[in-house]
file final.cif (mmCIF, C-alpha atoms (C1' of nucleotides))
data_my_file
loop_
_atom_site.label_atom_id
_atom_site.label_comp_id
_atom_site.auth_asym_id
_atom_site.auth_seq_id
_atom_site.Cartn_x
_atom_site.Cartn_y
_atom_site.Cartn_z
CA MET A 92 -25.52 -21.92 20.49
CA ALA A 93 -23.81 -20.90 17.31
CA ARG A 94 -21.59 -23.19 15.34
CA TRP A 95 -18.52 -21.11 15.98
CA GLU A 96 -17.72 -18.32 18.33
CA PRO A 97 -19.83 -15.49 16.97
CA ASN A 98 -18.82 -11.98 15.88
CA ALA A 99 -15.62 -12.90 14.17
CA PRO A 100 -15.23 -9.42 12.61
CA GLU A 101 -15.65 -7.73 15.95
CA ARG A 102 -13.19 -10.04 17.66
CA LEU A 103 -10.70 -9.39 14.90
CA THR A 104 -11.19 -5.64 15.21
CA ARG A 105 -10.61 -5.66 18.94
CA ALA A 106 -7.57 -7.90 18.65
CA ALA A 107 -6.14 -5.72 15.91
CA LEU A 108 -6.59 -2.46 17.78
CA ALA A 109 -5.05 -3.93 20.92
CA LEU A 110 -2.01 -5.19 19.03
CA PHE A 111 -1.62 -1.97 17.07
CA VAL A 112 -1.61 0.02 20.30
CA GLU A 113 0.81 -2.41 21.90
CA HIS A 114 3.37 -2.95 19.13
CA GLY A 115 2.44 -0.50 16.40
CA TYR A 116 0.68 -1.10 13.11
CA ASP A 117 3.72 -2.09 11.08
CA ALA A 118 5.11 -4.46 13.67
CA THR A 119 1.80 -6.29 13.89
CA THR A 120 1.18 -9.20 11.57
CA VAL A 121 -2.18 -10.31 10.24
CA ALA A 122 -1.37 -13.79 11.53
CA GLN A 123 -0.88 -12.34 15.02
CA ILE A 124 -4.22 -10.54 14.87
CA ALA A 125 -5.99 -13.70 13.77
CA ASP A 126 -4.21 -15.68 16.46
CA ARG A 127 -5.34 -13.39 19.24
CA ALA A 128 -8.90 -13.62 17.93
CA GLY A 129 -8.64 -17.40 17.84
CA LEU A 130 -8.79 -17.47 14.05
CA THR A 131 -6.46 -17.72 11.08
CA LYS A 132 -5.08 -15.49 8.39
CA SER A 133 -7.51 -16.98 5.87
CA THR A 134 -10.49 -16.01 7.96
CA PHE A 135 -9.16 -12.52 8.51
CA PHE A 136 -9.08 -11.87 4.80
CA ARG A 137 -12.53 -13.34 4.44
CA HIS A 138 -13.90 -10.59 6.67
CA PHE A 139 -11.63 -7.73 5.66
CA THR A 140 -10.24 -7.07 2.22
CA ASP A 141 -7.22 -5.41 3.77
CA LYS A 142 -5.10 -5.26 6.86
CA ARG A 143 -6.00 -1.55 6.91
CA GLU A 144 -9.70 -2.14 6.56
CA VAL A 145 -9.94 -3.66 10.02
CA LEU A 146 -9.91 -0.12 11.41
CA PHE A 147 -12.57 1.24 9.09
CA GLY A 148 -15.68 -0.80 9.71
CA GLY A 149 -18.97 1.01 9.49
CA GLN A 150 -17.84 3.55 6.93
CA ASP A 151 -20.47 2.36 4.48
CA LEU A 152 -23.14 2.98 7.07
CA LEU A 153 -21.90 6.54 7.42
CA THR A 154 -22.10 7.10 3.68
CA GLU A 155 -25.61 5.68 3.71
CA LEU A 156 -26.67 8.01 6.50
CA PHE A 157 -25.21 11.08 4.84
CA SER A 158 -26.71 10.35 1.45
CA GLU A 159 -30.08 9.46 2.88
CA ALA A 160 -30.22 12.63 4.98
CA ILE A 161 -29.49 14.79 1.97
CA ARG A 162 -31.92 12.91 -0.21
CA THR A 163 -34.79 13.22 2.26
CA ALA A 164 -34.20 16.82 3.25
CA PRO A 165 -37.09 19.21 2.55
CA ALA A 166 -37.19 20.56 -0.98
CA ALA A 167 -36.55 24.09 0.27
CA ALA A 168 -33.38 23.10 2.11
CA THR A 169 -30.20 24.78 0.90
CA PRO A 170 -26.98 22.80 0.53
CA ALA A 171 -25.93 24.22 3.89
CA ASP A 172 -29.10 22.88 5.48
CA CYS A 173 -28.39 19.52 3.89
CA LEU A 174 -24.93 19.43 5.42
CA ALA A 175 -26.38 20.16 8.83
CA ALA A 176 -28.99 17.45 8.42
CA ALA A 177 -26.37 14.96 7.28
CA LEU A 178 -24.07 15.65 10.22
CA GLU A 179 -26.96 15.41 12.61
CA SER A 180 -28.21 12.12 11.25
CA ALA A 181 -24.71 10.68 11.43
CA ALA A 182 -24.67 11.18 15.17
CA VAL A 183 -26.35 7.81 15.71
CA ALA A 184 -23.24 6.11 14.33
CA PHE A 185 -21.06 7.58 17.07
CA THR A 186 -22.15 5.53 20.02
CA PRO A 187 -20.65 5.63 23.53
CA GLU A 188 -19.13 2.20 22.88
CA ARG A 189 -17.39 3.55 19.86
CA HIS A 190 -16.28 6.57 21.81
CA GLU A 191 -14.38 4.29 24.13
CA PHE A 192 -11.97 3.16 21.42
CA ALA A 193 -11.87 6.34 19.38
CA PRO A 194 -8.75 7.89 20.95
CA GLN A 195 -6.70 4.73 20.46
CA ARG A 196 -7.93 4.37 16.93
CA GLN A 197 -7.04 7.97 16.17
CA ALA A 198 -3.57 7.55 17.62
CA VAL A 199 -2.87 4.46 15.56
CA ILE A 200 -4.01 6.13 12.37
CA ALA A 201 -2.06 9.28 13.11
CA ALA A 202 1.12 7.22 13.41
CA ASN A 203 0.88 5.48 10.06
CA SER A 204 0.57 6.98 6.60
CA GLU A 205 -0.96 3.86 5.04
CA LEU A 206 -3.85 4.26 7.40
CA GLN A 207 -4.10 7.96 6.71
CA GLU A 208 -4.36 7.16 3.04
CA ARG A 209 -7.22 4.81 3.71
CA GLU A 210 -8.97 7.36 5.85
CA LEU A 211 -8.60 9.96 3.15
CA LEU A 212 -10.03 7.59 0.58
CA LYS A 213 -13.05 6.98 2.79
CA GLY A 214 -13.44 10.71 3.21
CA ALA A 215 -13.16 11.34 -0.51
CA ARG A 216 -15.78 8.70 -1.27
CA LEU A 217 -18.03 10.27 1.33
CA ALA A 218 -17.53 13.72 -0.17
CA SER A 219 -18.28 12.29 -3.57
CA ALA A 220 -21.49 10.65 -2.32
CA MET A 221 -22.61 13.92 -0.76
CA ALA A 222 -21.85 15.80 -3.94
CA ASP A 223 -23.87 13.25 -5.91
CA ALA A 224 -26.80 13.61 -3.57
CA LEU A 225 -26.64 17.39 -3.84
CA ARG A 226 -26.43 17.33 -7.61
CA ALA A 227 -29.51 15.12 -7.59
CA ARG A 228 -31.27 17.98 -5.83
CA GLY A 229 -30.27 20.36 -8.59
CA ALA A 230 -27.09 21.86 -7.16
CA GLY A 231 -24.39 22.89 -9.62
CA ASP A 232 -21.31 20.74 -10.07
CA VAL A 233 -18.79 22.97 -8.39
CA ALA A 234 -21.23 23.97 -5.64
CA ALA A 235 -21.88 20.31 -4.89
CA ARG A 236 -18.18 19.50 -4.74
CA VAL A 237 -17.44 22.45 -2.47
CA ALA A 238 -20.25 21.42 -0.15
CA GLY A 239 -19.13 17.79 -0.12
CA GLN A 240 -15.57 18.78 0.67
CA LEU A 241 -16.60 21.10 3.47
CA GLY A 242 -18.96 18.46 4.81
CA VAL A 243 -16.10 16.01 5.15
CA LEU A 244 -13.92 18.66 6.72
CA ALA A 245 -16.71 19.34 9.22
CA LEU A 246 -17.03 15.64 9.96
CA SER A 247 -13.29 15.31 10.46
CA ILE A 248 -13.05 18.24 12.84
CA THR A 249 -16.15 17.15 14.71
CA TYR A 250 -14.93 13.59 15.06
CA ALA A 251 -11.56 14.73 16.34
CA ARG A 252 -13.16 16.86 19.06
CA TRP A 253 -15.70 14.17 19.91
CA ALA A 254 -12.99 11.52 20.14
CA ALA A 255 -10.71 13.66 22.29
CA PRO A 256 -10.11 11.88 25.59
CA GLY A 257 -12.20 13.48 28.30
CA ASN A 258 -14.83 14.86 25.96
CA ARG A 259 -18.40 14.39 27.17
CA GLN A 260 -20.20 16.64 24.71
CA PRO A 261 -22.51 14.78 22.32
CA PHE A 262 -21.56 14.48 18.67
CA ALA A 263 -24.48 16.48 17.30
CA GLU A 264 -23.73 19.49 19.48
CA ILE A 265 -20.11 19.62 18.43
CA ALA A 266 -21.12 19.21 14.79
CA HIS A 267 -23.45 22.17 15.02
CA VAL A 268 -20.76 24.49 16.34
CA VAL A 269 -18.17 23.28 13.86
CA LEU A 270 -20.49 23.69 10.92
CA ARG A 271 -21.40 27.26 11.83
CA ASP A 272 -17.75 28.17 12.21
CA LEU A 273 -16.88 26.53 8.91
CA GLN A 274 -19.59 28.37 7.04
CA ALA A 275 -18.58 31.69 8.50
CA GLN A 276 -15.02 31.08 7.33
CA ALA A 277 -16.22 30.10 3.88
CA VAL A 278 -18.09 33.40 3.56
CA THR A 279 -15.10 35.39 4.75
CA LEU A 280 -12.84 33.62 2.31
CA GLY A 281 -15.15 34.22 -0.63
CA GLU A 282 -16.20 37.76 0.20
CA ALA A 283 -12.67 39.06 0.46
CA ALA A 284 -12.25 38.02 -3.15
CA SER A 285 -15.60 39.41 -4.30
CA ALA A 286 -14.86 42.77 -2.70
CA ARG A 287 -11.72 43.01 -4.76
CA ALA A 288 -13.51 42.32 -8.02
CA MET B 236 30.05 10.79 -20.25
CA ALA B 237 28.32 9.52 -17.16
CA ARG B 238 29.20 6.26 -15.51
CA TRP B 239 25.79 4.79 -16.21
CA GLU B 240 22.94 5.80 -18.41
CA PRO B 241 21.69 8.99 -16.78
CA ASN B 242 18.23 9.90 -15.52
CA ALA B 243 17.35 6.57 -14.02
CA PRO B 244 14.26 7.98 -12.23
CA GLU B 245 12.93 9.50 -15.43
CA ARG B 246 13.50 6.31 -17.41
CA LEU B 247 11.70 4.35 -14.72
CA THR B 248 8.81 6.77 -14.73
CA ARG B 249 8.38 6.56 -18.49
CA ALA B 250 8.66 2.79 -18.49
CA ALA B 251 6.15 2.52 -15.67
CA LEU B 252 3.57 4.78 -17.28
CA ALA B 253 3.87 2.93 -20.57
CA LEU B 254 3.38 -0.45 -18.92
CA PHE B 255 0.52 0.78 -16.75
CA VAL B 256 -1.28 2.07 -19.85
CA GLU B 257 -0.58 -1.13 -21.69
CA HIS B 258 -1.40 -3.79 -19.09
CA GLY B 259 -2.88 -1.91 -16.15
CA TYR B 260 -1.30 -0.99 -12.83
CA ASP B 261 -2.00 -4.24 -11.01
CA ALA B 262 -0.85 -6.47 -13.81
CA THR B 263 2.46 -4.63 -14.04
CA THR B 264 5.34 -5.84 -11.92
CA VAL B 265 8.11 -3.69 -10.52
CA ALA B 266 10.57 -6.10 -12.10
CA GLN B 267 8.96 -5.49 -15.49
CA ILE B 268 9.23 -1.73 -15.07
CA ALA B 269 12.87 -2.00 -14.11
CA ASP B 270 13.51 -4.34 -17.02
CA ARG B 271 12.08 -1.96 -19.56
CA ALA B 272 14.21 0.83 -18.11
CA GLY B 273 17.29 -1.41 -18.31
CA LEU B 274 17.56 -1.61 -14.52
CA THR B 275 16.60 -3.94 -11.71
CA LYS B 276 14.06 -4.13 -8.92
CA SER B 277 16.71 -3.09 -6.40
CA THR B 278 17.43 0.10 -8.28
CA PHE B 279 13.76 0.91 -8.64
CA PHE B 280 13.28 0.89 -4.89
CA ARG B 281 16.39 2.98 -4.48
CA HIS B 282 14.75 5.78 -6.44
CA PHE B 283 11.13 5.32 -5.35
CA THR B 284 9.96 4.22 -1.94
CA ASP B 285 6.88 2.65 -3.50
CA LYS B 286 5.51 1.20 -6.68
CA ARG B 287 2.86 3.94 -6.41
CA GLU B 288 5.36 6.72 -5.95
CA VAL B 289 6.65 6.37 -9.50
CA LEU B 290 3.59 8.34 -10.64
CA PHE B 291 3.96 11.15 -8.11
CA GLY B 292 7.32 12.71 -8.76
CA GLY B 293 7.56 16.46 -8.29
CA GLN B 294 4.89 16.67 -5.62
CA ASP B 295 7.39 18.08 -3.16
CA LEU B 296 8.19 20.84 -5.60
CA LEU B 297 4.50 21.70 -5.75
CA THR B 298 4.27 21.93 -1.98
CA GLU B 299 7.33 24.15 -1.97
CA LEU B 300 5.83 26.46 -4.56
CA PHE B 301 2.51 26.76 -2.75
CA SER B 302 4.05 27.40 0.65
CA GLU B 303 6.53 29.88 -0.73
CA ALA B 304 3.87 31.81 -2.60
CA ILE B 305 1.74 32.15 0.52
CA ARG B 306 4.72 33.07 2.65
CA THR B 307 5.91 35.82 0.32
CA ALA B 308 2.49 37.28 -0.45
CA PRO B 309 2.05 40.96 0.50
CA ALA B 310 1.08 41.52 4.10
CA ALA B 311 -2.29 42.95 3.07
CA ALA B 312 -3.21 39.85 1.07
CA THR B 313 -6.28 37.96 2.27
CA PRO B 314 -6.31 34.17 2.38
CA ALA B 315 -8.19 34.24 -0.92
CA ASP B 316 -5.43 36.33 -2.46
CA CYS B 317 -2.92 33.87 -1.12
CA LEU B 318 -4.70 30.98 -2.79
CA ALA B 319 -4.70 32.83 -6.08
CA ALA B 320 -1.00 33.57 -5.74
CA ALA B 321 -0.25 29.97 -4.89
CA LEU B 322 -2.15 28.56 -7.85
CA GLU B 323 -0.50 31.06 -10.14
CA SER B 324 3.00 30.28 -8.94
CA ALA B 325 2.36 26.57 -9.37
CA ALA B 326 1.78 27.05 -13.06
CA VAL B 327 5.50 26.73 -13.75
CA ALA B 328 5.34 23.11 -12.62
CA PHE B 329 2.85 22.23 -15.32
CA THR B 330 5.06 22.28 -18.35
CA PRO B 331 4.06 21.32 -21.89
CA GLU B 332 6.17 18.19 -21.55
CA ARG B 333 4.20 17.21 -18.52
CA HIS B 334 0.98 18.01 -20.30
CA GLU B 335 1.81 15.35 -22.84
CA PHE B 336 1.58 12.53 -20.29
CA ALA B 337 -1.11 13.99 -18.06
CA PRO B 338 -4.14 12.30 -19.64
CA GLN B 339 -2.53 8.85 -19.46
CA ARG B 340 -1.47 9.44 -15.90
CA GLN B 341 -4.95 10.55 -14.93
CA ALA B 342 -6.51 7.51 -16.55
CA VAL B 343 -4.19 5.12 -14.75
CA ILE B 344 -4.88 6.75 -11.40
CA ALA B 345 -8.62 6.82 -12.00
CA ALA B 346 -8.58 3.07 -12.56
CA ASN B 347 -6.86 2.12 -9.31
CA SER B 348 -7.81 2.93 -5.77
CA GLU B 349 -4.31 2.43 -4.37
CA LEU B 350 -3.20 5.26 -6.59
CA GLN B 351 -6.17 7.39 -5.64
CA GLU B 352 -5.21 6.91 -2.02
CA ARG B 353 -1.72 8.13 -2.73
CA GLU B 354 -3.02 11.12 -4.64
CA LEU B 355 -5.33 11.99 -1.77
CA LEU B 356 -2.45 11.77 0.69
CA LYS B 357 -0.41 14.13 -1.44
CA GLY B 358 -3.38 16.47 -1.59
CA ALA B 359 -3.92 16.33 2.14
CA ARG B 360 -0.27 17.10 2.81
CA LEU B 361 -0.50 19.99 0.41
CA ALA B 362 -3.62 21.31 2.12
CA SER B 363 -1.88 20.96 5.44
CA ALA B 364 1.15 22.88 4.21
CA MET B 365 -1.07 25.66 2.92
CA ALA B 366 -2.95 25.82 6.20
CA ASP B 367 0.36 26.04 8.07
CA ALA B 368 1.53 28.87 5.85
CA LEU B 369 -1.74 30.72 6.36
CA ARG B 370 -1.66 30.26 10.11
CA ALA B 371 1.85 31.69 10.07
CA ARG B 372 0.30 34.83 8.55
CA GLY B 373 -2.14 35.05 11.43
CA ALA B 374 -5.14 33.23 10.01
CA GLY B 375 -7.36 31.33 12.43
CA ASP B 376 -7.17 27.57 12.62
CA VAL B 377 -10.48 26.73 10.98
CA ALA B 378 -10.13 29.51 8.42
CA ALA B 379 -6.71 28.17 7.44
CA ARG B 380 -8.00 24.63 7.09
CA VAL B 381 -10.97 25.70 4.99
CA ALA B 382 -8.69 27.70 2.73
CA GLY B 383 -6.23 24.82 2.42
CA GLN B 384 -8.97 22.39 1.56
CA LEU B 385 -10.49 24.69 -1.04
CA GLY B 386 -7.04 25.37 -2.45
CA VAL B 387 -6.50 21.68 -3.08
CA LEU B 388 -9.96 21.35 -4.56
CA ALA B 389 -9.15 24.25 -6.88
CA LEU B 390 -5.89 22.61 -7.87
CA SER B 391 -7.60 19.32 -8.53
CA ILE B 392 -10.31 20.82 -10.72
CA THR B 393 -7.80 22.99 -12.52
CA TYR B 394 -5.45 20.10 -13.16
CA ALA B 395 -8.25 17.94 -14.51
CA ARG B 396 -9.28 20.62 -16.99
CA TRP B 397 -5.71 21.40 -17.93
CA ALA B 398 -4.90 17.73 -18.45
CA ALA B 399 -8.00 17.08 -20.53
CA PRO B 400 -6.93 15.86 -23.97
CA GLY B 401 -7.27 18.67 -26.48
CA ASN B 402 -6.95 21.46 -23.94
CA ARG B 403 -4.70 24.30 -25.04
CA GLN B 404 -5.56 26.85 -22.37
CA PRO B 405 -2.66 27.64 -20.03
CA PHE B 406 -2.80 26.43 -16.45
CA ALA B 407 -2.87 29.87 -14.83
CA GLU B 408 -5.89 30.97 -16.82
CA ILE B 409 -7.91 27.92 -15.90
CA ALA B 410 -6.89 28.29 -12.28
CA HIS B 411 -8.18 31.86 -12.22
CA VAL B 412 -11.62 30.90 -13.47
CA VAL B 413 -11.87 27.89 -11.18
CA LEU B 414 -10.89 29.87 -8.13
CA ARG B 415 -13.46 32.58 -8.77
CA ASP B 416 -16.17 29.99 -9.22
CA LEU B 417 -15.14 28.16 -6.09
CA GLN B 418 -15.21 31.30 -3.99
CA ALA B 419 -18.61 32.29 -5.27
CA GLN B 420 -19.94 28.88 -4.28
CA ALA B 421 -18.34 29.14 -0.86
CA VAL B 422 -20.12 32.43 -0.24
CA THR B 423 -23.44 31.04 -1.40
CA LEU B 424 -23.04 28.04 0.81
CA GLY B 425 -22.24 30.10 3.86
CA GLU B 426 -24.70 32.90 3.31
CA ALA B 427 -27.67 30.61 3.00
CA ALA B 428 -26.89 29.45 6.50
CA SER B 429 -26.29 32.92 7.89
CA ALA B 430 -29.59 34.17 6.48
CA ARG B 431 -31.38 31.48 8.40
CA ALA B 432 -29.74 32.38 11.72
"C1'" DG C 101 50.11 4.42 -14.93
"C1'" DC C 102 48.64 2.31 -10.62
"C1'" DC C 103 45.72 2.08 -6.60
"C1'" DA C 104 42.33 3.25 -3.09
"C1'" DG C 105 37.93 5.44 -2.57
"C1'" DT C 106 33.12 6.45 -3.94
"C1'" DG C 107 28.60 5.93 -5.50
"C1'" DA C 108 25.25 3.74 -8.32
"C1'" DT C 109 23.96 -0.70 -9.53
"C1'" DG C 110 23.16 -6.00 -9.43
"C1'" DA C 111 21.95 -10.21 -7.08
"C1'" DG C 112 19.60 -12.82 -4.04
"C1'" DA C 113 17.69 -14.13 0.50
"C1'" DC C 114 13.90 -13.07 3.38
"C1'" DT C 115 9.34 -11.30 5.45
"C1'" DT C 116 4.70 -10.27 4.84
"C1'" DG C 117 0.37 -8.82 2.56
"C1'" DG C 118 -2.84 -10.79 -0.29
"C1'" DT C 119 -5.00 -14.57 -3.48
"C1'" DC C 120 -6.60 -19.12 -4.40
"C1'" DC C 121 -7.98 -23.71 -3.90
"C1'" DC C 122 -9.34 -27.51 -1.39
"C1'" DA C 123 -10.25 -30.08 2.82
"C1'" DT C 124 -12.73 -30.07 7.14
"C1'" DC C 125 -16.08 -29.49 10.47
"C1'" DA C 126 -20.39 -28.18 12.79
"C1'" DC C 127 -24.83 -27.75 12.28
"C1'" DT C 128 -29.50 -27.98 9.58
"C1'" DC C 129 -32.96 -29.99 7.00
"C1'" DT C 130 -35.19 -33.75 4.81
"C1'" DA D 180 -28.99 -41.34 8.91
"C1'" DG D 181 -27.38 -38.77 5.00
"C1'" DA D 182 -26.96 -34.84 1.97
"C1'" DG D 183 -26.40 -29.95 1.94
"C1'" DT D 184 -24.55 -25.43 3.62
"C1'" DG D 185 -21.56 -22.05 5.34
"C1'" DA D 186 -17.75 -20.65 8.03
"C1'" DT D 187 -13.26 -22.07 8.94
"C1'" DG D 188 -8.31 -24.18 8.54
"C1'" DG D 189 -4.26 -25.17 5.88
"C1'" DG D 190 -1.03 -24.46 2.69
"C1'" DA D 191 0.78 -23.27 -1.92
"C1'" DC D 192 1.83 -19.32 -4.41
"C1'" DC D 193 2.87 -14.42 -6.17
"C1'" DA D 194 4.46 -9.84 -5.71
"C1'" DA D 195 5.78 -5.76 -2.79
"C1'" DG D 196 9.20 -4.19 -0.02
"C1'" DT D 197 13.65 -4.71 3.03
"C1'" DC D 198 18.31 -5.84 3.71
"C1'" DT D 199 22.94 -7.21 2.94
"C1'" DC D 200 26.81 -7.98 0.22
"C1'" DA D 201 29.26 -8.07 -4.13
"C1'" DT D 202 30.41 -5.62 -8.40
"C1'" DC D 203 31.59 -2.25 -11.47
"C1'" DA D 204 32.73 2.29 -13.52
"C1'" DC D 205 34.79 6.11 -12.82
"C1'" DT D 206 37.58 9.74 -9.90
"C1'" DG D 207 41.46 11.48 -7.73
"C1'" DG D 208 45.96 11.15 -5.51
"C1'" DC D 209 50.50 9.24 -5.80
#
call {"tool": "encode", "arguments": {"input": "final.cif", "output": "structure tokens"}}
result
Amino acid sequence: MARWEPNAPERLTRAALALFVEHGYDATTVAQIADRAGLTKSTFFRHFTDKREVLFGGQDLLTELFSEAIRTAPAAATPADCLAAALESAAVAFTPERHEFAPQRQAVIAANSELQERELLKGARLASAMADALRARGAGDVAARVAGQLGVLALSITYARWAAPGNRQPFAEIAHVVLRDLQAQAVTLGEAASARA
Amino acid sequence: MARWEPNAPERLTRAALALFVEHGYDATTVAQIADRAGLTKSTFFRHFTDKREVLFGGQDLLTELFSEAIRTAPAAATPADCLAAALESAAVAFTPERHEFAPQRQAVIAANSELQERELLKGARLASAMADALRARGAGDVAARVAGQLGVLALSITYARWAAPGNRQPFAEIAHVVLRDLQAQAVTLGEAASARA
DNA sequence: GCCAGTGATGAGACTTGGTCCCATCACTCT
DNA sequence: AGAGTGATGGGACCAAGTCTCATCACTGGC
């Protein structure tokens, strides 16, 4: 038996999400979250740097997966191939268990701009990591940034569809469709300008 | 003569930027900012909802300009044309006076993640507004979002180059070059994928 | 010239996020 | 048994942000 009840971070996360859904993010106090998890404010901040951060666990893992997928892609892979590989490899992070809480999590974030800011920061860091990985493969600066940005956009759209209540389609499948659509739109957008030149 | 010293928001902004440069964002207190501007904490929060917000004045104007430019673009204009028009129309917001403080502002933001979060939120709202304006012209959902995202990326790159100390090139010129580059990269990214299909 | 109204400001109490430091407690290892 | 270790509890403390009420400078009507 462990010294204390195990999985403090997970208990805190569950407690937080429940309270956010029940009373809203702003109306929920860190002390209340800790209370429901059988802990204290001190312990909360030992596991999460922020009140916001309690909703963003596992983001580092995602960055790891994306970077690793791009780094280990075949040498002949284009940036577009890298994006596809990254999205595909990230699918393992979107487990059925996670799917269960995704709609609630999305709703809470959508209702609060502080949380949106945090989500955007995570996205920007992810885009930056992807751009770094692509540059390391020899991609140009702007090309890498465009790809990183579109990769995050693809992730965001894919996640939203995957998290939609009632969805049963696996993450990787949705990602594939989204990515193809996104790339087609990118070509259209660019070609219209080239034609004019 | 006015009842009080005029331009309270501007005085606060200048005081804040000076203190942020001098002691850093975190080490600067709202009370200190207000003091230097000859005001109080209460008054600060009457003009800015946030401590962060003091660095993001005029963002609403930018959104207005972008949306308006897209809305009033000729009916035959493609999304790419709309982006170009939007960037061009935004040039009026980047005055020489503003250029003077841009490098300091950029440095302060770069050193603090709270501020980066706020900047990202502003960017996301801008992208969203552009996407809305494009959808209103009949663009598809994903196409509009891609265009909005790339528009913000273009703005961000353009602003960084324009704000670089020593730069004398006008905003609109930089924007033009950046946008062309961005579109070329978007095509490359998409075509590589199409070729494979 | 006096007086009521108006709008920006000042002052201060109050809540909460977040930091810090130190005590405690449960368990492990020697 | 006793020292060490690591997670926790407790509470002081600071600053952001909210709220309420008083003040003050000027405006306009009388």
call {"tool": "residues_around", "arguments": {"input": "final.cif", "residues": "Asp126 in chain A", "least_positions_apart": "3", "cutoff": "12 Å", "atoms": "only C-alpha atoms (C1' of nucleotides)", "output": "PyMOL selection string"}}
result
chain A and resi 99+102-103+106-107+110+119-123+129-135
call {"tool": "atom_distance", "arguments": {"input": "final.cif", "atom1": "CA of Gln260 in chain A", "atom2": "CA of Leu424 in chain B"}}
result
26.6 Å
call {"tool": "atom_distance", "arguments": {"input": "final.cif", "atom1": "CA of Ala272 in chain B", "atom2": "C1' of DA113 in chain C"}}
result
24.1 Å
call {"tool": "resolve_selection", "arguments": {"input": "final.cif", "expression": "the PyMOL selection byres ((chain A and resi 148) around 12)", "output": "list in words"}}
result
Pro100, Glu101, Leu103, Thr104, Arg105, His138, Phe139, Thr140, Asp141, Lys142, Arg143, Glu144, Val145, Leu146, Phe147, Gly149, Gln150, Asp151, Leu152, Leu153, Thr154, Ala184, Arg189, Arg196, Arg209, Glu210 and Lys213 of chain A
call {"tool": "closest_residue", "arguments": {"input": "final.cif", "among": "D:DG196, D:DG208, D:DG181, D:DG188", "to": "DA123 in chain C", "atoms": "all atoms listed in the file"}}
result
D:DG188
call {"tool": "decode", "arguments": {"input": "final.cif", "residues": "range 319-348 of chain B", "atoms": "C-alpha atoms", "output": "PDB file, in the first residue's frame"}}
result
ATOM      1  CA  ALA B 319      -3.329  41.034 -49.409  1.00  0.00           C
ATOM      2  CA  ALA B 320      -5.939  43.762 -49.164  1.00  0.00           C
ATOM      3  CA  ALA B 321      -6.284  43.250 -45.439  1.00  0.00           C
ATOM      4  CA  LEU B 322      -2.557  43.432 -44.774  1.00  0.00           C
ATOM      5  CA  GLU B 323      -2.290  46.518 -46.926  1.00  0.00           C
ATOM      6  CA  SER B 324      -5.132  48.313 -45.206  1.00  0.00           C
ATOM      7  CA  ALA B 325      -3.632  47.515 -41.815  1.00  0.00           C
ATOM      8  CA  ALA B 326      -0.527  49.464 -42.687  1.00  0.00           C
ATOM      9  CA  VAL B 327      -2.129  52.691 -41.485  1.00  0.00           C
ATOM     10  CA  ALA B 328      -2.146  51.295 -37.953  1.00  0.00           C
ATOM     11  CA  PHE B 329       1.621  50.949 -37.925  1.00  0.00           C
ATOM     12  CA  THR B 330       2.647  54.548 -37.625  1.00  0.00           C
ATOM     13  CA  PRO B 331       6.196  55.848 -37.197  1.00  0.00           C
ATOM     14  CA  GLU B 332       5.342  56.759 -33.620  1.00  0.00           C
ATOM     15  CA  ARG B 333       4.366  53.206 -32.957  1.00  0.00           C
ATOM     16  CA  HIS B 334       7.491  51.981 -34.670  1.00  0.00           C
ATOM     17  CA  GLU B 335       9.534  53.796 -32.076  1.00  0.00           C
ATOM     18  CA  PHE B 336       8.289  51.584 -29.233  1.00  0.00           C
ATOM     19  CA  ALA B 337       7.836  48.360 -31.164  1.00  0.00           C
ATOM     20  CA  PRO B 338      11.223  46.773 -30.409  1.00  0.00           C
ATOM     21  CA  GLN B 339      10.862  47.351 -26.667  1.00  0.00           C
ATOM     22  CA  ARG B 340       7.340  46.024 -26.719  1.00  0.00           C
ATOM     23  CA  GLN B 341       8.424  42.932 -28.603  1.00  0.00           C
ATOM     24  CA  ALA B 342      11.253  42.283 -26.172  1.00  0.00           C
ATOM     25  CA  VAL B 343       8.976  42.555 -23.154  1.00  0.00           C
ATOM     26  CA  ILE B 344       6.443  40.193 -24.662  1.00  0.00           C
ATOM     27  CA  ALA B 345       9.111  37.720 -25.726  1.00  0.00           C
ATOM     28  CA  ALA B 346      10.316  37.517 -22.136  1.00  0.00           C
ATOM     29  CA  ASN B 347       6.976  36.651 -20.559  1.00  0.00           C
ATOM     30  CA  SER B 348       4.620  33.827 -21.334  1.00  0.00           C
TER      31      SER B 348
END
